[in-house]
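Structure below is final.pdb: PDB, N, CA and C atoms, pLDDT in the B column.
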```pdb
MODEL        1
ATOM      1  N   MET A   1     131.688  82.931 117.076  1.00 75.00           N
ATOM      2  CA  MET A   1     132.443  82.773 115.851  1.00 75.00           C
ATOM      3  C   MET A   1     133.927  82.913 116.172  1.00 75.00           C
ATOM      4  N   SER A   2     134.711  81.983 115.648  1.00 87.00           N
ATOM      5  CA  SER A   2     136.153  82.045 115.890  1.00 87.00           C
ATOM      6  C   SER A   2     136.786  83.097 114.973  1.00 87.00           C
ATOM      7  N   ILE A   3     137.987  83.488 115.302  1.00 88.00           N
ATOM      8  CA  ILE A   3     138.688  84.492 114.499  1.00 88.00           C
ATOM      9  C   ILE A   3     138.991  83.944 113.107  1.00 88.00           C
ATOM     10  N   VAL A   4     139.241  82.647 112.997  1.00 90.00           N
ATOM     11  CA  VAL A   4     139.496  82.041 111.683  1.00 90.00           C
ATOM     12  C   VAL A   4     138.236  82.108 110.828  1.00 90.00           C
ATOM     13  N   ASP A   5     137.077  81.858 111.426  1.00 92.00           N
ATOM     14  CA  ASP A   5     135.814  81.969 110.692  1.00 92.00           C
ATOM     15  C   ASP A   5     135.582  83.401 110.219  1.00 92.00           C
ATOM     16  N   LEU A   6     135.907  84.364 111.072  1.00 93.00           N
ATOM     17  CA  LEU A   6     135.759  85.774 110.702  1.00 93.00           C
ATOM     18  C   LEU A   6     136.669  86.130 109.526  1.00 93.00           C
ATOM     19  N   ILE A   7     137.927  85.708 109.602  1.00 94.00           N
ATOM     20  CA  ILE A   7     138.880  85.975 108.509  1.00 94.00           C
ATOM     21  C   ILE A   7     138.395  85.322 107.222  1.00 94.00           C
ATOM     22  N   GLU A   8     137.919  84.085 107.324  1.00 94.00           N
ATOM     23  CA  GLU A   8     137.447  83.368 106.138  1.00 94.00           C
ATOM     24  C   GLU A   8     136.235  84.061 105.522  1.00 94.00           C
ATOM     25  N   ARG A   9     135.309  84.522 106.341  1.00 96.00           N
ATOM     26  CA  ARG A   9     134.112  85.201 105.840  1.00 96.00           C
ATOM     27  C   ARG A   9     134.467  86.492 105.108  1.00 96.00           C
ATOM     28  N   VAL A  10     135.339  87.300 105.703  1.00 96.00           N
ATOM     29  CA  VAL A  10     135.742  88.560 105.077  1.00 96.00           C
ATOM     30  C   VAL A  10     136.539  88.282 103.804  1.00 96.00           C
ATOM     31  N   ALA A  11     137.418  87.291 103.829  1.00 96.00           N
ATOM     32  CA  ALA A  11     138.219  86.950 102.647  1.00 96.00           C
ATOM     33  C   ALA A  11     137.332  86.502 101.494  1.00 96.00           C
ATOM     34  N   LYS A  12     136.356  85.662 101.765  1.00 96.00           N
ATOM     35  CA  LYS A  12     135.450  85.207 100.715  1.00 96.00           C
ATOM     36  C   LYS A  12     134.675  86.376 100.115  1.00 96.00           C
ATOM     37  N   ARG A  13     134.251  87.296 100.957  1.00 96.00           N
ATOM     38  CA  ARG A  13     133.513  88.477 100.485  1.00 96.00           C
ATOM     39  C   ARG A  13     134.386  89.317  99.551  1.00 96.00           C
ATOM     40  N   LYS A  14     135.697  89.303  99.766  1.00 95.00           N
ATOM     41  CA  LYS A  14     136.621  90.080  98.950  1.00 95.00           C
ATOM     42  C   LYS A  14     137.232  89.260  97.812  1.00 95.00           C
ATOM     43  N   GLY A  15     136.754  88.036  97.613  1.00 96.00           N
ATOM     44  CA  GLY A  15     137.239  87.195  96.523  1.00 96.00           C
ATOM     45  C   GLY A  15     138.592  86.573  96.775  1.00 96.00           C
ATOM     46  N   MET A  16     138.951  86.401  98.034  1.00 96.00           N
ATOM     47  CA  MET A  16     140.232  85.792  98.398  1.00 96.00           C
ATOM     48  C   MET A  16     139.978  84.413  99.003  1.00 96.00           C
ATOM     49  N   ARG A  17     141.020  83.614  99.066  1.00 95.00           N
ATOM     50  CA  ARG A  17     140.950  82.297  99.691  1.00 95.00           C
ATOM     51  C   ARG A  17     141.843  82.292 100.920  1.00 95.00           C
ATOM     52  N   ILE A  18     141.629  81.326 101.803  1.00 94.00           N
ATOM     53  CA  ILE A  18     142.544  81.172 102.931  1.00 94.00           C
ATOM     54  C   ILE A  18     143.019  79.730 103.003  1.00 94.00           C
ATOM     55  N   ASN A  19     144.222  79.570 103.499  1.00 95.00           N
ATOM     56  CA  ASN A  19     144.782  78.258 103.828  1.00 95.00           C
ATOM     57  C   ASN A  19     145.003  78.234 105.329  1.00 95.00           C
ATOM     58  N   LYS A  20     144.442  77.220 105.990  1.00 94.00           N
ATOM     59  CA  LYS A  20     144.634  77.045 107.424  1.00 94.00           C
ATOM     60  C   LYS A  20     145.677  75.949 107.608  1.00 94.00           C
ATOM     61  N   LEU A  21     146.806  76.293 108.160  1.00 94.00           N
ATOM     62  CA  LEU A  21     147.870  75.315 108.383  1.00 94.00           C
ATOM     63  C   LEU A  21     147.650  74.606 109.712  1.00 94.00           C
ATOM     64  N   PRO A  22     148.164  73.390 109.865  1.00 92.00           N
ATOM     65  CA  PRO A  22     147.966  72.628 111.104  1.00 92.00           C
ATOM     66  C   PRO A  22     148.493  73.332 112.354  1.00 92.00           C
ATOM     67  N   ASN A  23     149.496  74.184 112.204  1.00 89.00           N
ATOM     68  CA  ASN A  23     150.066  74.863 113.370  1.00 89.00           C
ATOM     69  C   ASN A  23     149.291  76.127 113.750  1.00 89.00           C
ATOM     70  N   GLY A  24     148.156  76.399 113.076  1.00 86.00           N
ATOM     71  CA  GLY A  24     147.321  77.536 113.437  1.00 86.00           C
ATOM     72  C   GLY A  24     147.546  78.782 112.608  1.00 86.00           C
ATOM     73  N   VAL A  25     148.502  78.765 111.718  1.00 93.00           N
ATOM     74  CA  VAL A  25     148.771  79.912 110.862  1.00 93.00           C
ATOM     75  C   VAL A  25     147.715  79.976 109.766  1.00 93.00           C
ATOM     76  N   VAL A  26     147.245  81.190 109.491  1.00 95.00           N
ATOM     77  CA  VAL A  26     146.292  81.411 108.409  1.00 95.00           C
ATOM     78  C   VAL A  26     146.997  82.208 107.318  1.00 95.00           C
ATOM     79  N   ILE A  27     146.960  81.706 106.098  1.00 97.00           N
ATOM     80  CA  ILE A  27     147.541  82.394 104.949  1.00 97.00           C
ATOM     81  C   ILE A  27     146.394  82.839 104.053  1.00 97.00           C
ATOM     82  N   ILE A  28     146.349  84.116 103.729  1.00 96.00           N
ATOM     83  CA  ILE A  28     145.332  84.638 102.823  1.00 96.00           C
ATOM     84  C   ILE A  28     145.924  84.664 101.418  1.00 96.00           C
ATOM     85  N   ILE A  29     145.191  84.112 100.469  1.00 96.00           N
ATOM     86  CA  ILE A  29     145.618  84.013  99.076  1.00 96.00           C
ATOM     87  C   ILE A  29     144.839  85.040  98.261  1.00 96.00           C
ATOM     88  N   LYS A  30     145.574  85.898  97.554  1.00 94.00           N
ATOM     89  CA  LYS A  30     144.957  86.921  96.703  1.00 94.00           C
ATOM     90  C   LYS A  30     145.572  86.792  95.311  1.00 94.00           C
ATOM     91  N   ASP A  31     144.743  86.611  94.289  1.00 93.00           N
ATOM     92  CA  ASP A  31     145.215  86.465  92.906  1.00 93.00           C
ATOM     93  C   ASP A  31     146.251  85.344  92.781  1.00 93.00           C
ATOM     94  N   ASP A  32     146.000  84.223  93.443  1.00 93.00           N
ATOM     95  CA  ASP A  32     146.864  83.032  93.416  1.00 93.00           C
ATOM     96  C   ASP A  32     148.245  83.235  94.030  1.00 93.00           C
ATOM     97  N   TYR A  33     148.420  84.271  94.829  1.00 94.00           N
ATOM     98  CA  TYR A  33     149.679  84.515  95.545  1.00 94.00           C
ATOM     99  C   TYR A  33     149.395  84.621  97.039  1.00 94.00           C
ATOM    100  N   ALA A  34     150.295  84.082  97.845  1.00 95.00           N
ATOM    101  CA  ALA A  34     150.190  84.262  99.292  1.00 95.00           C
ATOM    102  C   ALA A  34     150.351  85.743  99.584  1.00 95.00           C
ATOM    103  N   TYR A  35     149.395  86.316 100.273  1.00 94.00           N
ATOM    104  CA  TYR A  35     149.320  87.765 100.468  1.00 94.00           C
ATOM    105  C   TYR A  35     149.605  88.178 101.916  1.00 94.00           C
ATOM    106  N   VAL A  36     148.922  87.545 102.853  1.00 95.00           N
ATOM    107  CA  VAL A  36     149.059  87.900 104.272  1.00 95.00           C
ATOM    108  C   VAL A  36     149.124  86.625 105.094  1.00 95.00           C
ATOM    109  N   GLN A  37     149.961  86.663 106.123  1.00 96.00           N
ATOM    110  CA  GLN A  37     150.052  85.576 107.102  1.00 96.00           C
ATOM    111  C   GLN A  37     149.570  86.124 108.435  1.00 96.00           C
ATOM    112  N   ILE A  38     148.659  85.406 109.086  1.00 95.00           N
ATOM    113  CA  ILE A  38     148.192  85.812 110.413  1.00 95.00           C
ATOM    114  C   ILE A  38     148.433  84.651 111.365  1.00 95.00           C
ATOM    115  N   THR A  39     149.111  84.948 112.455  1.00 94.00           N
ATOM    116  CA  THR A  39     149.470  83.948 113.454  1.00 94.00           C
ATOM    117  C   THR A  39     149.119  84.482 114.837  1.00 94.00           C
ATOM    118  N   VAL A  40     148.716  83.601 115.730  1.00 89.00           N
ATOM    119  CA  VAL A  40     148.474  84.000 117.115  1.00 89.00           C
ATOM    120  C   VAL A  40     149.633  83.516 117.963  1.00 89.00           C
ATOM    121  N   VAL A  41     150.226  84.452 118.709  1.00 85.00           N
ATOM    122  CA  VAL A  41     151.323  84.114 119.619  1.00 85.00           C
ATOM    123  C   VAL A  41     151.013  84.762 120.962  1.00 85.00           C
ATOM    124  N   ARG A  42     150.680  83.938 121.941  1.00 83.00           N
ATOM    125  CA  ARG A  42     150.404  84.419 123.301  1.00 83.00           C
ATOM    126  C   ARG A  42     149.406  85.573 123.333  1.00 83.00           C
ATOM    127  N   ASP A  43     148.226  85.356 122.843  1.00 84.00           N
ATOM    128  CA  ASP A  43     147.131  86.336 122.860  1.00 84.00           C
ATOM    129  C   ASP A  43     147.414  87.590 122.043  1.00 84.00           C
ATOM    130  N   VAL A  44     148.364  87.532 121.131  1.00 93.00           N
ATOM    131  CA  VAL A  44     148.676  88.659 120.246  1.00 93.00           C
ATOM    132  C   VAL A  44     148.680  88.128 118.814  1.00 93.00           C
ATOM    133  N   TYR A  45     148.099  88.895 117.916  1.00 95.00           N
ATOM    134  CA  TYR A  45     148.052  88.509 116.503  1.00 95.00           C
ATOM    135  C   TYR A  45     149.247  89.101 115.779  1.00 95.00           C
ATOM    136  N   TYR A  46     149.966  88.250 115.068  1.00 95.00           N
ATOM    137  CA  TYR A  46     151.104  88.657 114.257  1.00 95.00           C
ATOM    138  C   TYR A  46     150.626  88.670 112.815  1.00 95.00           C
ATOM    139  N   ILE A  47     150.662  89.839 112.177  1.00 96.00           N
ATOM    140  CA  ILE A  47     150.191  90.016 110.813  1.00 96.00           C
ATOM    141  C   ILE A  47     151.388  90.378 109.948  1.00 96.00           C
ATOM    142  N   ARG A  48     151.653  89.551 108.947  1.00 95.00           N
ATOM    143  CA  ARG A  48     152.809  89.789 108.077  1.00 95.00           C
ATOM    144  C   ARG A  48     152.360  89.805 106.629  1.00 95.00           C
ATOM    145  N   TYR A  49     152.606  90.916 105.964  1.00 95.00           N
ATOM    146  CA  TYR A  49     152.319  91.015 104.532  1.00 95.00           C
ATOM    147  C   TYR A  49     153.448  90.320 103.782  1.00 95.00           C
ATOM    148  N   LEU A  50     153.113  89.331 102.980  1.00 93.00           N
ATOM    149  CA  LEU A  50     154.117  88.539 102.279  1.00 93.00           C
ATOM    150  C   LEU A  50     154.556  89.175 100.964  1.00 93.00           C
ATOM    151  N   THR A  51     153.818  90.185 100.493  1.00 90.00           N
ATOM    152  CA  THR A  51     154.155  90.839  99.232  1.00 90.00           C
ATOM    153  C   THR A  51     154.893  92.156  99.441  1.00 90.00           C
ATOM    154  N   LYS A  52     155.032  92.571 100.680  1.00 89.00           N
ATOM    155  CA  LYS A  52     155.791  93.779 100.992  1.00 89.00           C
ATOM    156  C   LYS A  52     156.437  93.569 102.354  1.00 89.00           C
ATOM    157  N   ASN A  53     157.415  94.342 102.685  1.00 88.00           N
ATOM    158  CA  ASN A  53     158.162  94.153 103.932  1.00 88.00           C
ATOM    159  C   ASN A  53     157.501  94.890 105.089  1.00 88.00           C
ATOM    160  N   GLU A  54     156.329  94.407 105.479  1.00 92.00           N
ATOM    161  CA  GLU A  54     155.618  95.008 106.600  1.00 92.00           C
ATOM    162  C   GLU A  54     155.085  93.913 107.511  1.00 92.00           C
ATOM    163  N   ALA A  55     155.163  94.175 108.801  1.00 95.00           N
ATOM    164  CA  ALA A  55     154.608  93.261 109.795  1.00 95.00           C
ATOM    165  C   ALA A  55     154.032  94.086 110.933  1.00 95.00           C
ATOM    166  N   TYR A  56     152.985  93.568 111.533  1.00 96.00           N
ATOM    167  CA  TYR A  56     152.300  94.259 112.617  1.00 96.00           C
ATOM    168  C   TYR A  56     151.941  93.255 113.700  1.00 96.00           C
ATOM    169  N   ILE A  57     151.701  93.762 114.903  1.00 95.00           N
ATOM    170  CA  ILE A  57     151.093  92.954 115.949  1.00 95.00           C
ATOM    171  C   ILE A  57     149.862  93.711 116.446  1.00 95.00           C
ATOM    172  N   ALA A  58     148.828  92.946 116.771  1.00 95.00           N
ATOM    173  CA  ALA A  58     147.579  93.541 117.246  1.00 95.00           C
ATOM    174  C   ALA A  58     147.068  92.718 118.412  1.00 95.00           C
ATOM    175  N   GLU A  59     146.448  93.400 119.365  1.00 93.00           N
ATOM    176  CA  GLU A  59     145.912  92.692 120.528  1.00 93.00           C
ATOM    177  C   GLU A  59     144.548  92.082 120.258  1.00 93.00           C
ATOM    178  N   LYS A  60     143.811  92.638 119.286  1.00 92.00           N
ATOM    179  CA  LYS A  60     142.503  92.090 118.966  1.00 92.00           C
ATOM    180  C   LYS A  60     142.233  92.277 117.483  1.00 92.00           C
ATOM    181  N   LEU A  61     141.391  91.413 116.960  1.00 93.00           N
ATOM    182  CA  LEU A  61     140.950  91.534 115.577  1.00 93.00           C
ATOM    183  C   LEU A  61     139.429  91.539 115.578  1.00 93.00           C
ATOM    184  N   ASN A  62     138.859  92.446 114.818  1.00 94.00           N
ATOM    185  CA  ASN A  62     137.431  92.454 114.586  1.00 94.00           C
ATOM    186  C   ASN A  62     137.212  92.584 113.084  1.00 94.00           C
ATOM    187  N   GLU A  63     135.975  92.635 112.651  1.00 95.00           N
ATOM    188  CA  GLU A  63     135.698  92.648 111.220  1.00 95.00           C
ATOM    189  C   GLU A  63     136.303  93.861 110.525  1.00 95.00           C
ATOM    190  N   ARG A  64     136.241  95.020 111.156  1.00 95.00           N
ATOM    191  CA  ARG A  64     136.793  96.237 110.558  1.00 95.00           C
ATOM    192  C   ARG A  64     138.309  96.113 110.368  1.00 95.00           C
ATOM    193  N   ILE A  65     138.996  95.594 111.376  1.00 95.00           N
ATOM    194  CA  ILE A  65     140.454  95.449 111.286  1.00 95.00           C
ATOM    195  C   ILE A  65     140.826  94.377 110.266  1.00 95.00           C
ATOM    196  N   VAL A  66     140.082  93.277 110.213  1.00 96.00           N
ATOM    197  CA  VAL A  66     140.354  92.235 109.224  1.00 96.00           C
ATOM    198  C   VAL A  66     140.176  92.801 107.816  1.00 96.00           C
ATOM    199  N   GLU A  67     139.144  93.612 107.601  1.00 96.00           N
ATOM    200  CA  GLU A  67     138.955  94.242 106.287  1.00 96.00           C
ATOM    201  C   GLU A  67     140.141  95.139 105.932  1.00 96.00           C
ATOM    202  N   LYS A  68     140.639  95.910 106.898  1.00 96.00           N
ATOM    203  CA  LYS A  68     141.807  96.765 106.644  1.00 96.00           C
ATOM    204  C   LYS A  68     143.036  95.925 106.317  1.00 96.00           C
ATOM    205  N   ILE A  69     143.203  94.806 107.009  1.00 95.00           N
ATOM    206  CA  ILE A  69     144.336  93.915 106.727  1.00 95.00           C
ATOM    207  C   ILE A  69     144.259  93.418 105.291  1.00 95.00           C
ATOM    208  N   LEU A  70     143.096  92.931 104.893  1.00 95.00           N
ATOM    209  CA  LEU A  70     142.948  92.356 103.561  1.00 95.00           C
ATOM    210  C   LEU A  70     142.992  93.408 102.460  1.00 95.00           C
ATOM    211  N   ASP A  71     142.639  94.638 102.782  1.00 94.00           N
ATOM    212  CA  ASP A  71     142.738  95.735 101.808  1.00 94.00           C
ATOM    213  C   ASP A  71     144.144  96.319 101.749  1.00 94.00           C
ATOM    214  N   GLY A  72     145.032  95.879 102.647  1.00 92.00           N
ATOM    215  CA  GLY A  72     146.399  96.407 102.691  1.00 92.00           C
ATOM    216  C   GLY A  72     146.460  97.795 103.290  1.00 92.00           C
ATOM    217  N   GLU A  73     145.467  98.160 104.096  1.00 93.00           N
ATOM    218  CA  GLU A  73     145.368  99.501 104.656  1.00 93.00           C
ATOM    219  C   GLU A  73     145.586  99.533 106.168  1.00 93.00           C
ATOM    220  N   LEU A  74     146.157  98.489 106.727  1.00 92.00           N
ATOM    221  CA  LEU A  74     146.412  98.459 108.164  1.00 92.00           C
ATOM    222  C   LEU A  74     147.434  99.526 108.520  1.00 92.00           C
ATOM    223  N   THR A  75     147.171 100.295 109.566  1.00 90.00           N
ATOM    224  CA  THR A  75     148.076 101.356 109.990  1.00 90.00           C
ATOM    225  C   THR A  75     148.439 101.160 111.454  1.00 90.00           C
ATOM    226  N   GLU A  76     149.318 102.007 111.924  1.00 91.00           N
ATOM    227  CA  GLU A  76     149.727 101.927 113.329  1.00 91.00           C
ATOM    228  C   GLU A  76     148.618 102.378 114.269  1.00 91.00           C
ATOM    229  N   ARG A  77     147.533 102.859 113.735  1.00 92.00           N
ATOM    230  CA  ARG A  77     146.381 103.204 114.560  1.00 92.00           C
ATOM    231  C   ARG A  77     145.670 101.944 115.057  1.00 92.00           C
ATOM    232  N   GLU A  78     145.670 100.901 114.215  1.00 92.00           N
ATOM    233  CA  GLU A  78     145.019  99.639 114.578  1.00 92.00           C
ATOM    234  C   GLU A  78     145.986  98.620 115.163  1.00 92.00           C
ATOM    235  N   ALA A  79     147.257  98.707 114.804  1.00 95.00           N
ATOM    236  CA  ALA A  79     148.235  97.703 115.236  1.00 95.00           C
ATOM    237  C   ALA A  79     149.623  98.354 115.298  1.00 95.00           C
ATOM    238  N   LEU A  80     150.496  97.730 116.029  1.00 95.00           N
ATOM    239  CA  LEU A  80     151.860  98.212 116.187  1.00 95.00           C
ATOM    240  C   LEU A  80     152.724  97.653 115.063  1.00 95.00           C
ATOM    241  N   LYS A  81     153.371  98.530 114.315  1.00 95.00           N
ATOM    242  CA  LYS A  81     154.254  98.085 113.228  1.00 95.00           C
ATOM    243  C   LYS A  81     155.575  97.631 113.835  1.00 95.00           C
ATOM    244  N   ILE A  82     156.050  96.493 113.366  1.00 93.00           N
ATOM    245  CA  ILE A  82     157.311  95.936 113.867  1.00 93.00           C
ATOM    246  C   ILE A  82     158.209  95.613 112.681  1.00 93.00           C
ATOM    247  N   PRO A  83     159.508  95.451 112.925  1.00 89.00           N
ATOM    248  CA  PRO A  83     160.404  95.080 111.822  1.00 89.00           C
ATOM    249  C   PRO A  83     160.041  93.699 111.268  1.00 89.00           C
ATOM    250  N   ASP A  84     160.061  93.577 109.964  1.00 76.00           N
ATOM    251  CA  ASP A  84     159.792  92.299 109.309  1.00 76.00           C
ATOM    252  C   ASP A  84     161.102  91.546 109.151  1.00 76.00           C
ATOM    253  N   VAL A  85     161.117  90.300 109.608  1.00 70.00           N
ATOM    254  CA  VAL A  85     162.354  89.505 109.517  1.00 70.00           C
ATOM    255  C   VAL A  85     162.217  88.392 108.525  1.00 70.00           C
TER     256      VAL A  85
ENDMDL
END
```

Go ahead and express the file in the form of structure tokens.
Amino acid sequence: MSIVDLIERVAKRKGMRINKLPNGVVIIIKDDYAYVQITVVRDVYYIRYLTKNEAYIAEKLNERIVEKILDGELTEREALKIPDV
């Protein structure tokens, strides 16, 4: 299973939608608003919350971490917090 399939499965379970852009960016839609952007850059996942000024990078994503991302509960225990630009 690809990481996009995993994100889509968890998002659907939580009542969210995803948009897959041609450049590989995944946007999670929650309540008709873009909520989270997930991008892969050189084997690292860039996670940016679009509704708050937070961004993280993670070396791996699994179902537990994807659930935390979609719940807005991602912490520095799972990923490194970086400045949002």

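With the shown file loaded, the PyMOL selection byres ((chain A and resi 37-44) around 7) picks out Gly24, Val25, Val26, Ile27, Ile28, Ala34, Tyr35, Val36, Tyr45, Tyr46, Ile47, Arg48, Tyr49, Leu50, Ile57, Ala58, Glu59 and Lys60 of chain A.
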
Which residues in chain A does DSSP call helix (DSSP H, G or I)? List them as a PyMOL selection string. chain A and resi 3-13+63-71

Option closest in space to Pro83 (chain A), from A:Asp71, A:Glu63, A:Glu54, A:Asp32 [counting all atoms listed in the file]: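 Of all the options, A:Glu54 lies closest to Pro83 (chain A).
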
Extending 4 Å beyond the listed atoms of region 51-70 of chain A on each side, what axis-aligned box results? I want centre and edge lengths in Å to one decimal, as AutoDock Vina command-line options.
```
--center_x 146.9 --center_y 93.5 --center_z 109.9 --size_x 30.5 --size_y 14.6 --size_z 29.3
```

With a distance cut-off of 9 Å and only C-alpha atoms, select the neighbouring residues of Val4 (chain A), excluding the residue or stretch itself and same-chain residues fewer than 4 positions from it, and output the selection as an NGL selection string. :A and (8-9 or 20 or 26)

Give me, as an NGL selection string, the residues of chain A that a backbone DSSP run labels strand (DSSP E or B). :A and (17-20 or 26-30 or 33-41 or 44-49 or 54-58 or 80-82)

Which one of A:Ile69, A:Ile82, A:Leu74, A:Ile29 sits closest to Asn53 (chain A) if you count only N, CA and C atoms? A:Ile82

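Here the question is which of A:Val66, A:Leu6, A:Ala11, A:Ala55 gets nearest to Lys81 (chain A) using only C-alpha atoms, and that residue is A:Ala55.
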
As an exercise, work out the distance from CA of Asp5 (chain A) to CA of Asn62 (chain A) in Å and give it to one decimal place.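 Interatomic distance here is 11.3 Å.
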
Point-to-point distance from atom N of Tyr56 (chain A) to atom C of Asp84 (chain A), Å rounded to tenths: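 Atom C of Asp84 (chain A) lies 8.7 Å from atom N of Tyr56 (chain A).
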
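Separating CA of Met1 (chain A) from CA of Tyr33 (chain A) is a distance of 26.7 Å.
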
Measuring atom to atom with only C-alpha atoms, identify which of A:Ile3, A:Val10, A:Met16, A:Leu21 is nearest to Arg64 (chain A).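 With only C-alpha atoms as the atom set, the closest residue is A:Val10.
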